[in-house]
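Visitor: Next comes the structure file work_11.cif, holding mmCIF, C-alpha atoms.
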```cif
data_final
loop_
_atom_site.label_atom_id
_atom_site.label_comp_id
_atom_site.auth_asym_id
_atom_site.auth_seq_id
_atom_site.Cartn_x
_atom_site.Cartn_y
_atom_site.Cartn_z
CA MET A 1 0.00 0.00 0.00
CA ASP A 2 1.21 3.50 -0.79
CA PHE A 3 2.31 5.45 2.28
CA ASP A 4 2.26 8.82 0.56
CA GLY A 5 -1.45 9.47 1.12
CA VAL A 6 -2.91 11.79 3.73
CA ALA A 7 -2.38 10.51 7.27
CA LEU A 8 -5.54 9.23 8.92
CA GLY A 9 -4.34 9.81 12.48
CA SER A 10 -2.03 12.27 14.16
CA ALA A 11 1.41 11.17 15.30
CA PRO A 12 1.55 9.86 18.89
CA SER A 13 1.58 12.67 21.43
CA GLY A 14 4.96 13.79 22.65
CA THR A 15 6.96 12.35 19.73
CA SER A 16 9.98 14.02 18.30
CA GLY A 17 11.29 13.55 14.80
CA VAL A 18 9.60 11.94 11.84
CA PRO A 19 7.74 8.64 12.40
CA VAL A 20 9.27 5.58 10.75
CA ARG A 21 7.15 4.24 7.91
CA LEU A 22 6.63 0.48 8.15
CA ASP A 23 6.24 -0.96 4.67
CA PRO A 24 4.66 -4.44 4.49
CA ALA A 25 5.98 -4.81 0.95
CA ALA A 26 9.59 -4.54 2.15
CA HIS A 27 11.78 -7.38 0.88
CA ASP A 28 12.62 -8.48 4.42
CA PRO A 29 10.81 -7.30 7.59
CA ARG A 30 14.09 -7.68 9.47
CA SER A 31 16.04 -5.35 7.17
CA GLY A 32 15.49 -2.27 9.34
CA THR A 33 15.68 -4.02 12.70
CA ALA A 34 19.10 -2.66 13.68
CA SER A 35 18.13 0.93 12.89
CA LEU A 36 14.82 0.53 14.75
CA CYS A 37 16.63 -0.77 17.84
CA ALA A 38 19.15 2.05 17.59
CA ALA A 39 16.31 4.60 17.38
CA GLY A 40 15.28 3.70 20.91
CA PRO A 41 13.05 1.34 22.88
CA LEU A 42 9.90 3.12 21.73
CA VAL A 43 9.67 4.46 18.18
CA PRO A 44 6.80 6.40 16.53
CA VAL A 45 5.75 4.63 13.33
CA LEU A 46 3.39 5.25 10.45
CA LEU A 47 1.46 2.19 9.26
CA PRO A 48 -0.30 1.61 5.92
CA GLY A 49 -3.04 4.15 5.38
CA GLY A 50 -1.20 6.75 7.43
CA VAL A 51 -2.20 5.22 10.78
CA SER A 52 0.12 6.27 13.61
CA ALA A 53 1.29 4.11 16.49
CA TRP A 54 4.21 3.39 18.77
CA LEU A 55 6.54 0.46 18.06
CA VAL A 56 8.31 -1.19 21.01
CA THR A 57 11.73 -2.41 19.84
CA HIS A 58 13.76 -3.38 22.94
CA HIS A 59 13.28 -6.74 24.63
CA GLN A 60 12.97 -5.42 28.18
CA ALA A 61 10.53 -2.67 27.21
CA GLY A 62 8.47 -5.25 25.34
CA ARG A 63 8.39 -7.55 28.35
CA GLU A 64 7.21 -4.68 30.52
CA VAL A 65 4.45 -3.63 28.13
CA LEU A 66 3.25 -7.23 27.79
CA ALA A 67 2.90 -7.48 31.57
CA ASP A 68 1.48 -3.98 32.22
CA SER A 69 -2.26 -3.96 32.97
CA ARG A 70 -2.42 -0.30 31.93
CA PHE A 71 -2.16 -1.52 28.33
CA VAL A 72 -5.33 -3.24 27.19
CA LYS A 73 -6.41 -4.99 24.00
CA ASP A 74 -9.92 -3.56 23.79
CA ILE A 75 -10.01 -1.51 20.59
CA GLY A 76 -12.49 0.85 22.23
CA ALA A 77 -9.56 2.29 24.18
CA TRP A 78 -7.85 3.44 20.95
CA ARG A 79 -8.45 7.17 20.60
CA ALA A 80 -8.02 7.25 16.82
CA TRP A 81 -10.52 4.39 16.41
CA ARG A 82 -13.14 5.98 18.65
CA SER A 83 -12.87 9.30 16.82
CA GLY A 84 -13.18 7.71 13.38
CA GLU A 85 -9.72 8.84 12.25
CA VAL A 86 -8.98 5.18 11.51
CA PRO A 87 -11.75 3.88 9.23
CA ARG A 88 -13.55 0.60 9.86
CA SER A 89 -12.38 -0.46 6.39
CA TRP A 90 -8.69 -0.32 7.38
CA PRO A 91 -7.14 -3.64 6.20
CA LEU A 92 -5.88 -4.54 9.68
CA ALA A 93 -9.27 -3.86 11.29
CA PRO A 94 -10.47 -7.51 11.15
CA LEU A 95 -7.39 -8.55 13.14
CA LEU A 96 -8.16 -5.94 15.80
CA THR A 97 -11.90 -6.46 16.16
CA VAL A 98 -12.23 -10.25 16.41
CA ALA A 99 -13.77 -11.52 19.64
CA ASN A 100 -11.04 -13.89 20.83
CA MET A 101 -8.06 -14.00 23.17
CA THR A 102 -5.93 -11.66 21.06
CA THR A 103 -8.27 -8.72 21.63
CA ALA A 104 -9.51 -9.49 25.15
CA THR A 105 -8.35 -8.15 28.50
CA ALA A 106 -8.54 -9.35 32.11
CA GLY A 107 -11.73 -11.32 32.87
CA ASP A 108 -12.82 -11.62 29.25
CA HIS A 109 -9.41 -12.98 28.33
CA THR A 110 -9.61 -15.62 31.06
CA ARG A 111 -13.14 -16.60 30.01
CA LEU A 112 -12.17 -16.94 26.34
CA ARG A 113 -8.95 -18.82 27.06
CA ALA A 114 -10.33 -21.27 29.61
CA PRO A 115 -12.15 -23.73 27.29
CA LEU A 116 -9.07 -24.19 25.12
CA ALA A 117 -6.65 -24.23 28.03
CA ARG A 118 -8.53 -27.23 29.41
CA ALA A 119 -8.54 -29.07 26.09
CA PHE A 120 -5.23 -27.85 24.64
CA THR A 121 -3.08 -29.43 27.34
CA ALA A 122 0.62 -30.33 27.14
CA ARG A 123 -0.32 -34.00 27.51
CA ARG A 124 -2.74 -33.81 24.58
CA VAL A 125 -0.13 -32.06 22.45
CA GLU A 126 2.52 -34.66 23.32
CA ARG A 127 0.15 -37.42 22.25
CA LEU A 128 0.29 -35.87 18.78
CA ARG A 129 4.02 -36.56 18.36
CA PRO A 130 3.64 -39.93 16.59
CA ARG A 131 0.98 -38.50 14.27
CA VAL A 132 3.12 -35.44 13.46
CA ALA A 133 6.02 -37.78 12.64
CA GLU A 134 3.73 -39.90 10.47
CA LEU A 135 2.44 -36.89 8.54
CA ALA A 136 5.98 -35.55 8.08
CA GLY A 137 7.06 -38.94 6.79
CA GLU A 138 4.25 -39.03 4.26
CA LEU A 139 5.20 -35.60 2.93
CA LEU A 140 8.88 -36.55 2.76
CA ASP A 141 7.98 -39.76 0.92
CA GLY A 142 6.20 -37.60 -1.64
CA LEU A 143 9.25 -35.39 -2.04
CA ALA A 144 11.56 -38.39 -2.40
CA ALA A 145 9.28 -39.83 -5.10
CA ASP A 146 9.71 -36.68 -7.21
CA ARG A 147 12.14 -37.76 -9.94
CA SER A 148 11.78 -34.63 -12.07
CA GLY A 149 15.18 -33.28 -11.04
CA GLU A 150 13.63 -29.83 -10.80
CA PRO A 151 13.93 -27.60 -7.72
CA VAL A 152 11.27 -28.26 -5.10
CA GLU A 153 9.27 -25.48 -3.48
CA LEU A 154 9.66 -26.58 0.12
CA ARG A 155 7.13 -24.17 1.61
CA ALA A 156 4.33 -25.51 -0.57
CA ARG A 157 5.43 -29.14 -0.32
CA TYR A 158 6.44 -29.44 3.34
CA ALA A 159 6.46 -26.36 5.58
CA HIS A 160 2.85 -25.45 4.77
CA PRO A 161 0.99 -28.76 4.43
CA LEU A 162 2.36 -30.26 7.65
CA PRO A 163 1.01 -27.62 10.08
CA ILE A 164 -2.29 -27.22 8.26
CA ARG A 165 -2.88 -30.99 8.34
CA VAL A 166 -1.97 -31.16 12.03
CA ILE A 167 -4.19 -28.25 13.04
CA CYS A 168 -7.08 -29.47 10.87
CA GLU A 169 -6.93 -32.91 12.47
CA LEU A 170 -6.68 -31.41 15.95
CA PHE A 171 -9.78 -29.26 15.36
CA GLY A 172 -11.66 -31.87 13.34
CA VAL A 173 -11.78 -29.94 10.04
CA PRO A 174 -13.08 -32.38 7.39
CA ASP A 175 -11.30 -32.85 4.08
CA SER A 176 -14.17 -31.09 2.30
CA ARG A 177 -13.35 -27.80 4.05
CA ARG A 178 -9.55 -27.91 4.11
CA GLU A 179 -8.75 -26.67 0.62
CA ARG A 180 -11.00 -23.62 0.91
CA LEU A 181 -9.61 -22.96 4.36
CA ARG A 182 -6.05 -23.06 3.01
CA SER A 183 -6.97 -20.67 0.21
CA LEU A 184 -8.65 -18.19 2.54
CA CYS A 185 -5.73 -18.29 4.96
CA GLY A 186 -3.33 -17.42 2.16
CA ALA A 187 -5.52 -14.52 1.05
CA LEU A 188 -5.97 -13.29 4.61
CA PHE A 189 -2.26 -13.02 5.33
CA ALA A 190 -1.25 -11.52 2.00
CA THR A 191 -1.12 -7.75 1.57
CA PRO A 192 -4.00 -7.16 -0.87
CA SER A 193 -3.58 -4.87 -3.85
CA ASP A 194 -7.14 -3.72 -3.13
CA PRO A 195 -7.65 -3.07 0.62
CA SER A 196 -11.39 -3.63 0.25
CA GLU A 197 -10.67 -7.34 -0.35
CA ALA A 198 -9.56 -7.96 3.26
CA PRO A 199 -13.00 -7.65 4.93
CA ALA A 200 -14.59 -9.91 2.29
CA VAL A 201 -11.96 -12.62 2.83
CA HIS A 202 -12.45 -12.38 6.58
CA ARG A 203 -16.25 -12.69 6.24
CA GLU A 204 -15.96 -15.81 4.10
CA LEU A 205 -13.43 -17.35 6.46
CA ARG A 206 -15.77 -16.80 9.39
CA ALA A 207 -18.63 -18.34 7.39
CA VAL A 208 -16.55 -21.48 6.72
CA LEU A 209 -15.71 -21.82 10.42
CA ALA A 210 -19.31 -21.14 11.48
CA GLY A 211 -20.26 -24.05 9.23
CA LEU A 212 -17.68 -26.22 10.97
CA LEU A 213 -19.22 -25.35 14.35
CA GLY A 214 -22.64 -26.30 13.03
CA GLU A 215 -21.34 -29.69 11.89
CA LYS A 216 -19.78 -30.39 15.28
CA ARG A 217 -23.03 -29.57 17.06
CA GLU A 218 -24.76 -32.22 14.97
CA ARG A 219 -21.89 -34.75 14.92
CA PRO A 220 -19.37 -34.09 17.72
CA GLY A 221 -16.05 -35.92 17.69
CA ASP A 222 -12.81 -36.21 19.63
CA ASP A 223 -11.48 -32.85 18.49
CA LEU A 224 -11.00 -29.37 19.89
CA THR A 225 -13.86 -27.79 17.92
CA SER A 226 -16.24 -30.27 19.53
CA ALA A 227 -14.67 -29.45 22.90
CA LEU A 228 -15.33 -25.76 22.30
CA VAL A 229 -18.93 -26.46 21.33
CA ALA A 230 -19.35 -28.62 24.44
CA SER A 231 -18.20 -25.70 26.59
CA GLY A 232 -21.58 -24.16 25.81
CA THR A 233 -22.71 -20.75 24.67
CA GLU A 234 -23.07 -19.69 28.31
CA GLN A 235 -19.27 -19.31 28.27
CA LEU A 236 -18.66 -18.20 24.69
CA SER A 237 -21.05 -16.51 22.30
CA GLU A 238 -21.35 -17.74 18.73
CA THR A 239 -19.19 -14.83 17.55
CA GLU A 240 -16.56 -15.68 20.15
CA LEU A 241 -16.59 -19.35 19.15
CA VAL A 242 -16.02 -18.48 15.50
CA ASP A 243 -13.32 -15.93 16.26
CA THR A 244 -11.56 -18.37 18.58
CA LEU A 245 -11.39 -20.83 15.69
CA VAL A 246 -10.02 -18.05 13.47
CA LEU A 247 -7.22 -17.57 15.98
CA MET A 248 -6.38 -21.20 16.69
CA ILE A 249 -6.78 -22.69 13.21
CA VAL A 250 -5.69 -19.81 11.01
CA ALA A 251 -3.01 -17.99 12.98
CA GLY A 252 -2.01 -21.25 14.69
CA HIS A 253 -0.89 -22.90 11.49
CA GLU A 254 0.47 -19.82 9.70
CA THR A 255 3.01 -19.09 12.42
CA THR A 256 4.27 -22.68 12.34
CA VAL A 257 4.61 -22.54 8.56
CA ASN A 258 6.86 -19.51 8.99
CA LEU A 259 8.80 -21.12 11.83
CA LEU A 260 9.61 -24.15 9.69
CA GLY A 261 10.54 -22.14 6.60
CA ASN A 262 12.64 -19.64 8.53
CA ALA A 263 14.45 -22.40 10.45
CA VAL A 264 15.26 -24.36 7.28
CA HIS A 265 16.58 -21.25 5.57
CA ALA A 266 18.67 -20.32 8.61
CA LEU A 267 20.27 -23.77 8.71
CA LEU A 268 20.94 -23.89 4.97
CA THR A 269 22.67 -20.51 5.12
CA HIS A 270 24.67 -21.50 8.21
CA PRO A 271 26.13 -24.93 7.36
CA GLY A 272 28.30 -25.02 10.47
CA GLN A 273 25.22 -24.70 12.66
CA LEU A 274 23.44 -27.38 10.64
CA ALA A 275 26.41 -29.72 11.13
CA LEU A 276 26.21 -29.24 14.91
CA ALA A 277 22.52 -30.17 14.92
CA ARG A 278 22.88 -33.14 12.59
CA SER A 279 25.80 -34.55 14.57
CA GLY A 280 23.80 -34.43 17.79
CA GLN A 281 26.22 -32.02 19.47
CA VAL A 282 23.37 -29.54 19.85
CA PRO A 283 19.75 -30.68 20.34
CA TRP A 284 17.13 -29.82 17.76
CA SER A 285 15.19 -28.08 20.49
CA ALA A 286 17.97 -25.47 20.58
CA VAL A 287 17.65 -25.03 16.81
CA VAL A 288 13.94 -24.32 17.25
CA GLU A 289 14.50 -21.77 20.01
CA GLU A 290 17.26 -19.95 18.15
CA ALA A 291 15.14 -19.81 14.99
CA LEU A 292 12.28 -18.38 17.07
CA ARG A 293 14.60 -15.69 18.40
CA TRP A 294 16.63 -14.89 15.29
CA ASP A 295 13.90 -15.05 12.66
CA PRO A 296 10.52 -15.15 14.43
CA PRO A 297 7.34 -16.10 12.55
CA VAL A 298 5.64 -12.87 13.63
CA ALA A 299 7.30 -9.57 12.70
CA HIS A 300 5.18 -6.91 14.41
CA PHE A 301 2.00 -7.55 16.34
CA PRO A 302 -0.74 -4.95 16.90
CA PHE A 303 -2.04 -3.55 19.28
CA ARG A 304 -2.17 -2.64 22.92
CA TYR A 305 -3.83 0.62 23.94
CA ALA A 306 -2.85 2.83 26.86
CA LEU A 307 -5.63 3.37 29.40
CA CYS A 308 -3.73 6.32 30.87
CA ASP A 309 -0.44 8.11 30.33
CA VAL A 310 2.30 5.49 30.77
CA ASP A 311 6.07 5.90 30.93
CA VAL A 312 7.78 3.30 28.73
CA ALA A 313 11.57 3.32 28.87
CA GLY A 314 11.64 7.06 29.49
CA ARG A 315 9.03 8.08 26.92
CA THR A 316 5.40 8.89 27.56
CA VAL A 317 2.67 6.94 25.82
CA ARG A 318 -0.50 9.02 26.09
CA ALA A 319 -3.87 7.62 27.04
CA GLY A 320 -5.56 6.25 23.93
CA ASP A 321 -2.32 5.69 21.97
CA ALA A 322 -1.79 2.38 20.14
CA VAL A 323 1.34 0.35 20.82
CA MET A 324 2.73 -2.34 18.53
CA LEU A 325 5.34 -4.95 19.50
CA SER A 326 8.29 -5.73 17.20
CA TYR A 327 9.27 -9.36 17.72
CA THR A 328 11.90 -9.18 15.00
CA ALA A 329 13.53 -6.32 16.90
CA PHE A 330 13.23 -8.07 20.27
CA GLY A 331 15.09 -11.06 18.90
CA ARG A 332 18.00 -8.96 17.65
CA ASP A 333 18.25 -6.63 20.66
CA PRO A 334 21.93 -6.56 21.74
CA ARG A 335 20.93 -5.40 25.22
CA GLN A 336 19.26 -8.76 25.75
CA HIS A 337 21.25 -11.08 23.49
CA GLY A 338 24.70 -9.52 23.58
CA PRO A 339 26.90 -8.01 20.86
CA ALA A 340 26.41 -11.10 18.68
CA ALA A 341 22.62 -10.74 18.65
CA GLU A 342 22.62 -10.57 14.84
CA ARG A 343 24.34 -13.97 14.61
CA PHE A 344 22.39 -17.22 14.21
CA ASP A 345 23.98 -19.40 16.88
CA ILE A 346 22.29 -22.55 18.17
CA THR A 347 24.96 -22.92 20.88
CA ARG A 348 23.77 -19.69 22.49
CA SER A 349 22.90 -20.29 26.14
CA PRO A 350 20.41 -19.51 27.39
CA ILE A 351 18.22 -18.78 24.37
CA ARG A 352 15.60 -16.38 25.70
CA HIS A 353 13.00 -14.66 23.56
CA LEU A 354 9.52 -13.15 23.64
CA THR A 355 8.33 -14.74 20.42
CA PHE A 356 5.46 -16.56 22.13
CA GLY A 357 4.59 -13.52 24.23
CA HIS A 358 4.77 -13.12 27.98
CA GLY A 359 2.45 -13.29 30.95
CA ILE A 360 -1.25 -14.06 30.58
CA HIS A 361 -1.07 -13.64 26.80
CA HIS A 362 1.65 -16.26 26.32
CA CYS A 363 0.74 -18.25 23.20
CA LEU A 364 -1.47 -21.22 24.01
CA GLY A 365 -0.21 -23.05 20.90
CA ALA A 366 3.49 -22.71 21.74
CA PRO A 367 3.92 -26.39 22.77
CA LEU A 368 2.39 -27.57 19.49
CA ALA A 369 4.56 -25.27 17.35
CA ARG A 370 7.69 -26.42 19.20
CA LEU A 371 6.72 -30.07 18.82
CA GLU A 372 6.02 -29.76 15.10
CA ALA A 373 9.34 -28.03 14.45
CA ALA A 374 11.30 -30.45 16.66
CA VAL A 375 9.86 -33.35 14.64
CA ALA A 376 9.81 -31.85 11.14
CA LEU A 377 13.32 -30.37 11.01
CA PRO A 378 15.41 -33.45 11.87
CA ALA A 379 13.12 -35.62 9.74
CA LEU A 380 13.75 -33.35 6.73
CA PHE A 381 17.53 -33.23 7.09
CA ASP A 382 17.79 -36.95 7.90
CA ARG A 383 15.90 -37.80 4.72
CA PHE A 384 17.77 -35.29 2.56
CA PRO A 385 21.25 -34.75 4.05
CA GLY A 386 22.35 -32.93 0.91
CA LEU A 387 19.45 -30.47 0.94
CA ALA A 388 20.50 -27.07 -0.44
CA LEU A 389 18.98 -23.79 -1.53
CA HIS A 390 18.25 -23.67 -5.24
CA ASP A 391 19.84 -20.25 -5.68
CA PRO A 392 22.01 -19.34 -2.68
CA GLU A 393 23.07 -16.05 -4.30
CA HIS A 394 19.51 -14.72 -4.38
CA PRO A 395 17.56 -15.07 -1.12
CA PRO A 396 13.92 -16.08 -1.62
CA ALA A 397 11.43 -13.24 -1.23
CA ARG A 398 9.49 -12.76 1.97
CA ARG A 399 5.71 -12.65 1.91
CA PRO A 400 4.51 -9.04 2.04
CA SER A 401 2.96 -8.66 5.48
CA LEU A 402 3.12 -6.15 8.28
CA VAL A 403 2.40 -8.84 10.87
CA PHE A 404 3.81 -12.15 9.68
CA ASN A 405 7.43 -12.91 8.82
CA GLY A 406 7.99 -15.76 6.39
CA PHE A 407 8.98 -16.71 2.87
CA GLY A 408 6.59 -16.69 -0.04
CA GLU A 409 8.53 -19.58 -1.57
CA LEU A 410 11.53 -21.64 -0.51
CA PRO A 411 13.01 -23.36 -3.59
CA VAL A 412 15.48 -26.11 -2.69
CA VAL A 413 17.42 -28.89 -4.34
CA LEU A 414 16.85 -32.35 -2.89
CA ALA A 415 20.08 -34.31 -2.75
CA GLY A 416 21.30 -37.44 -1.04
CA ALA A 417 17.84 -38.84 -0.30
CA ARG A 418 17.76 -41.71 2.16
CA GLY A 419 15.18 -44.43 2.51
CA GLY A 420 11.84 -43.50 4.01
CA SER A 421 9.69 -44.93 6.70
#
```
Here is the file; what I need is its structure written in the form of structure tokens.

Guide:
Amino acid sequence: MDFDGVALGSAPSGTSGVPVRLDPAAHDPRSGTASLCAAGPLVPVLLPGGVSAWLVTHHQAGREVLADSRFVKDIGAWRAWRSGEVPRSWPLAPLLTVANMTTATAGDHTRLRAPLARAFTARRVERLRPRVAELAGELLDGLAADRSGEPVELRARYAHPLPIRVICELFGVPDSRRERLRSLCGALFATPSDPSEAPAVHRELRAVLAGLLGEKRERPGDDLTSALVASGTEQLSETELVDTLVLMIVAGHETTVNLLGNAVHALLTHPGQLALARSGQVPWSAVVEEALRWDPPVAHFPFRYALCDVDVAGRTVRAGDAVMLSYTAFGRDPRQHGPAAERFDITRSPIRHLTFGHGIHHCLGAPLARLEAAVALPALFDRFPGLALHDPEHPPARRPSLVFNGFGELPVVLAGARGGS
């Protein structure tokens, strides 16, 4: 989207200097991370459509904002939204107005999270390990059977289908709905050439998931959608049920797709680190954590809104201002990760990051994402020990997104295939 139009909201109160323009069409969301961190822990930014906000860039400041009850997720606290300066048609509006955990505060957040927290337990996730390994093996068998000799697009053939199949099975999405769901997810996370497309995509996605809820009411199964339905509408309204599925199914798989793609690319561009993992000198769990820190699946996440004037790292966020969190910047913050923060290093100890959030908003799906990556990565490199980027001199393009951080494609050459399961 063009940033040169008239701004729809004034710059955050008390700012100095010119706000940084965040461009979702940038080749790499991480490209300006160092300059953002250097600009300070709290930076005024201009988002698509001329919408103004604060961007938190330092790890410690981010941790404090995440834990501060003076920042809420109720969009009604956003001054520019209440006044109409930010239109309801703004492309990011559907992400900010859904009725699920990502936009809820305090008691509402607890109420919305509780049904899934009871069903989405660590034990239930761990029981998925054999099935995740089975699905990964099936996909790798398909790759090994490809005798064309042509480069393989690993995102489309492995990093994407594995998480979507896992999450669809977990939530009981039937085969008849999966293809449309995949298509809508792709459209939802892309930056549309026509901003008016975003609300229409979101409406259709919600209609598909409302249909899934209807099916589970008639024919419940051993899946998390049925568990949500069984929780009853006295806990969650129909809108909240649908929007909870939007969060868990849609965002839940997209972030894992990016985690897998980003981790594979990091390893292929750091062969010494890959050798350490493949030799067993460093556990694959460390690879996952370092990939989450160094190249997180979420770039910048909106929004928290100040209920009152709040001091953040020496700067004042005024009541009603919107605050965005930069996970790409948190992961490269030298104040937290040392002078070698820019280096991908799986031997780093300890590997600490905020990629899954902090406090009551810590990601409920974090155990599943970690499990999928810890299974999928060694399986891939064990099957194809000679795996390489198709064109190492030209990095694959990132998907244009203000929020998500991942590759649009990941072309690789399969070499040295070993026998399958």

Visitor: When the PyMOL selection byres ((chain A and resi 350) around 12) is applied to the file above, which residues end up in the set, as a JSON list (two decimals) with C-alpha atoms, in the coordinates of the input?

Guide:
```json
[["chain", "number", "residue", "atom", "x", "y", "z"],
["A", 286, "ALA", "CA", 17.97, -25.47, 20.58],
["A", 289, "GLU", "CA", 14.50, -21.77, 20.01],
["A", 290, "GLU", "CA", 17.26, -19.95, 18.15],
["A", 293, "ARG", "CA", 14.60, -15.69, 18.40],
["A", 336, "GLN", "CA", 19.26, -8.76, 25.75],
["A", 337, "HIS", "CA", 21.25, -11.08, 23.49],
["A", 338, "GLY", "CA", 24.70, -9.52, 23.58],
["A", 345, "ASP", "CA", 23.98, -19.40, 16.88],
["A", 346, "ILE", "CA", 22.29, -22.55, 18.17],
["A", 347, "THR", "CA", 24.96, -22.92, 20.88],
["A", 348, "ARG", "CA", 23.77, -19.69, 22.49],
["A", 349, "SER", "CA", 22.90, -20.29, 26.14],
["A", 351, "ILE", "CA", 18.22, -18.78, 24.37],
["A", 352, "ARG", "CA", 15.60, -16.38, 25.70],
["A", 353, "HIS", "CA", 13.00, -14.66, 23.56]]
```

Visitor: Excluding Leu387 (chain A) and residues on its chain fewer than 4 positions from it, collect all residues at most 8 Å away from it, counting only C-alpha atoms, and give them as a PyMOL selection string.

Guide: chain A and resi 268+381+412-416

Visitor: I need the residue nearest Asn405 (chain A) from this list: A:Ser279, A:Thr355, A:Thr110, A:Thr255. Use all atoms listed in the file for the distance.

Guide: A:Thr255

Visitor: Contacts of Ala251 (chain A) at 10 Å or less, counting only C-alpha atoms, minus same-chain residues fewer than 5 places along, as a list of chain:residue names?

Guide: A:Cys185, A:Phe189, A:Leu245, A:Val246, A:Thr256, A:Val257, A:Gly365, A:Phe404

Visitor: Got a sec to resolve the PyMOL selection byres ((chain A and resi 124) around 12) on this structure and send the residues as an MDAnalysis selection string?

Guide: chainID A and resid 116:123 125:131 170 222:224 365 367:368 371

Visitor: What residues have an atom no more than 10 Å from (-10.0, -31.3, 13.1) in the file's own frame, counting only C-alpha atoms, and can you write them as a PyMOL selection string?

Guide: chain A and resi 164-175+178+212+221-226+249

Visitor: Find, counting only C-alpha atoms, the residue in A:Val43, A:Ala114, A:Leu209, A:Ala104 that gets nearest to Ala227 (chain A).

Guide: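 Once distances to Ala227 (chain A) are computed over only C-alpha atoms, the minimum belongs to A:Ala114.
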
Visitor: Tell me, in Å to one decimal, how far CA of Leu95 (chain A) is from CA of Ala230 (chain A).

Guide: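 Answer for the CA of Leu95 (chain A) to CA of Ala230 (chain A) separation: 26.0 Å.
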
Visitor: Of the candidates A:Pro395, A:Gly50, A:Gly408, A:Pro163, which one gets nearest to Glu85 (chain A) if we count only C-alpha atoms?

Guide: A:Gly50

Visitor: Each residue of region 255-351 of chain A with at least one atom at most 12 Å from region 357-362 of chain A should appear once, together with its nearest atom pair and the corresponding distance in Å (one decimal); atoms considered: all atoms listed in the file; ordering: chain, then increasing residue number; output as JSON lines.

Guide:
```
{"residue": "A:Leu292", "atom": "CA", "partner": "A:Gly357", "partner_atom": "CA", "distance": 11.6}
{"residue": "A:Arg293", "atom": "CA", "partner": "A:Gly357", "partner_atom": "CA", "distance": 11.8}
{"residue": "A:Pro296", "atom": "CA", "partner": "A:Gly357", "partner_atom": "CA", "distance": 11.6}
{"residue": "A:Val298", "atom": "CA", "partner": "A:Gly357", "partner_atom": "CA", "distance": 10.7}
{"residue": "A:His300", "atom": "CA", "partner": "A:Gly357", "partner_atom": "CA", "distance": 11.9}
{"residue": "A:Phe301", "atom": "CA", "partner": "A:Gly357", "partner_atom": "CA", "distance": 10.2}
{"residue": "A:Arg304", "atom": "CA", "partner": "A:His361", "partner_atom": "CA", "distance": 11.7}
{"residue": "A:Leu325", "atom": "CA", "partner": "A:Gly357", "partner_atom": "CA", "distance": 9.8}
{"residue": "A:Ser326", "atom": "CA", "partner": "A:Gly357", "partner_atom": "CA", "distance": 11.1}
{"residue": "A:Tyr327", "atom": "CA", "partner": "A:Gly357", "partner_atom": "CA", "distance": 9.0}
{"residue": "A:Phe330", "atom": "CA", "partner": "A:Gly357", "partner_atom": "CA", "distance": 11.0}
```

Visitor: Can you pull out every residue within 8 Å of Val45 (chain A), counting only C-alpha atoms, but drop anything in the same chain fewer than 6 positions away, and send it as a PDB file with C-alpha atoms, in the frame of the given file?

Guide:
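The result, stored in result-v4.pdb:
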```pdb
ATOM      1  CA  PRO A  19       7.740   8.640  12.400  1.00  0.00           C
ATOM      2  CA  VAL A  20       9.270   5.580  10.750  1.00  0.00           C
ATOM      3  CA  ARG A  21       7.150   4.240   7.910  1.00  0.00           C
ATOM      4  CA  LEU A  22       6.630   0.480   8.150  1.00  0.00           C
ATOM      5  CA  SER A  52       0.120   6.270  13.610  1.00  0.00           C
ATOM      6  CA  ALA A  53       1.290   4.110  16.490  1.00  0.00           C
ATOM      7  CA  TRP A  54       4.210   3.390  18.770  1.00  0.00           C
ATOM      8  CA  LEU A  55       6.540   0.460  18.060  1.00  0.00           C
TER       9      LEU A  55
END
```

Visitor: Please measure the separation of CA of Gly314 (chain A) and CA of His59 (chain A), giving the value in Å to one decimal.

Guide: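 These two atoms are separated by 14.7 Å.
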
Visitor: Between A:Pro94, A:Gly84, A:Gly76, A:Pro297, which is the closest to Ala366 (chain A) once you count all atoms listed in the file?

Guide: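 Selected residue with least distance to Ala366 (chain A): A:Pro297.
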
Visitor: What are the centre and edge lengths in Å, to one decimal, of the axis-aligned box around all listed atoms of region 347-366 of chain A with 6 Å added on each side, as lines of an AutoDock Vina configuration file?

Guide:
```
center_x = 11.7
center_y = -18.1
center_z = 25.7
size_x = 38.4
size_y = 21.9
size_z = 22.5
```

Visitor: Hey, which of A:Pro385, A:Thr105, A:Val229, A:Ala266 ends up closest to Ala67 (chain A)? Count only C-alpha atoms.

Guide: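 Among A:Pro385, A:Thr105, A:Val229, A:Ala266, it is A:Thr105 that comes nearest to Ala67 (chain A).
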
Visitor: Neighbours of region 32-39 of chain A within 7 Å (all atoms listed in the file; same-chain residues fewer than 4 positions away dropped), as a ChimeraX atom specification?

Guide: /A:43,57-58,328-329,333

Visitor: Rounded to one decimal, what separation in Å do you get between CA of Ser176 (chain A) and CA of Leu241 (chain A)?

Guide: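 Between CA of Ser176 (chain A) and CA of Leu241 (chain A) the gap is 20.7 Å.
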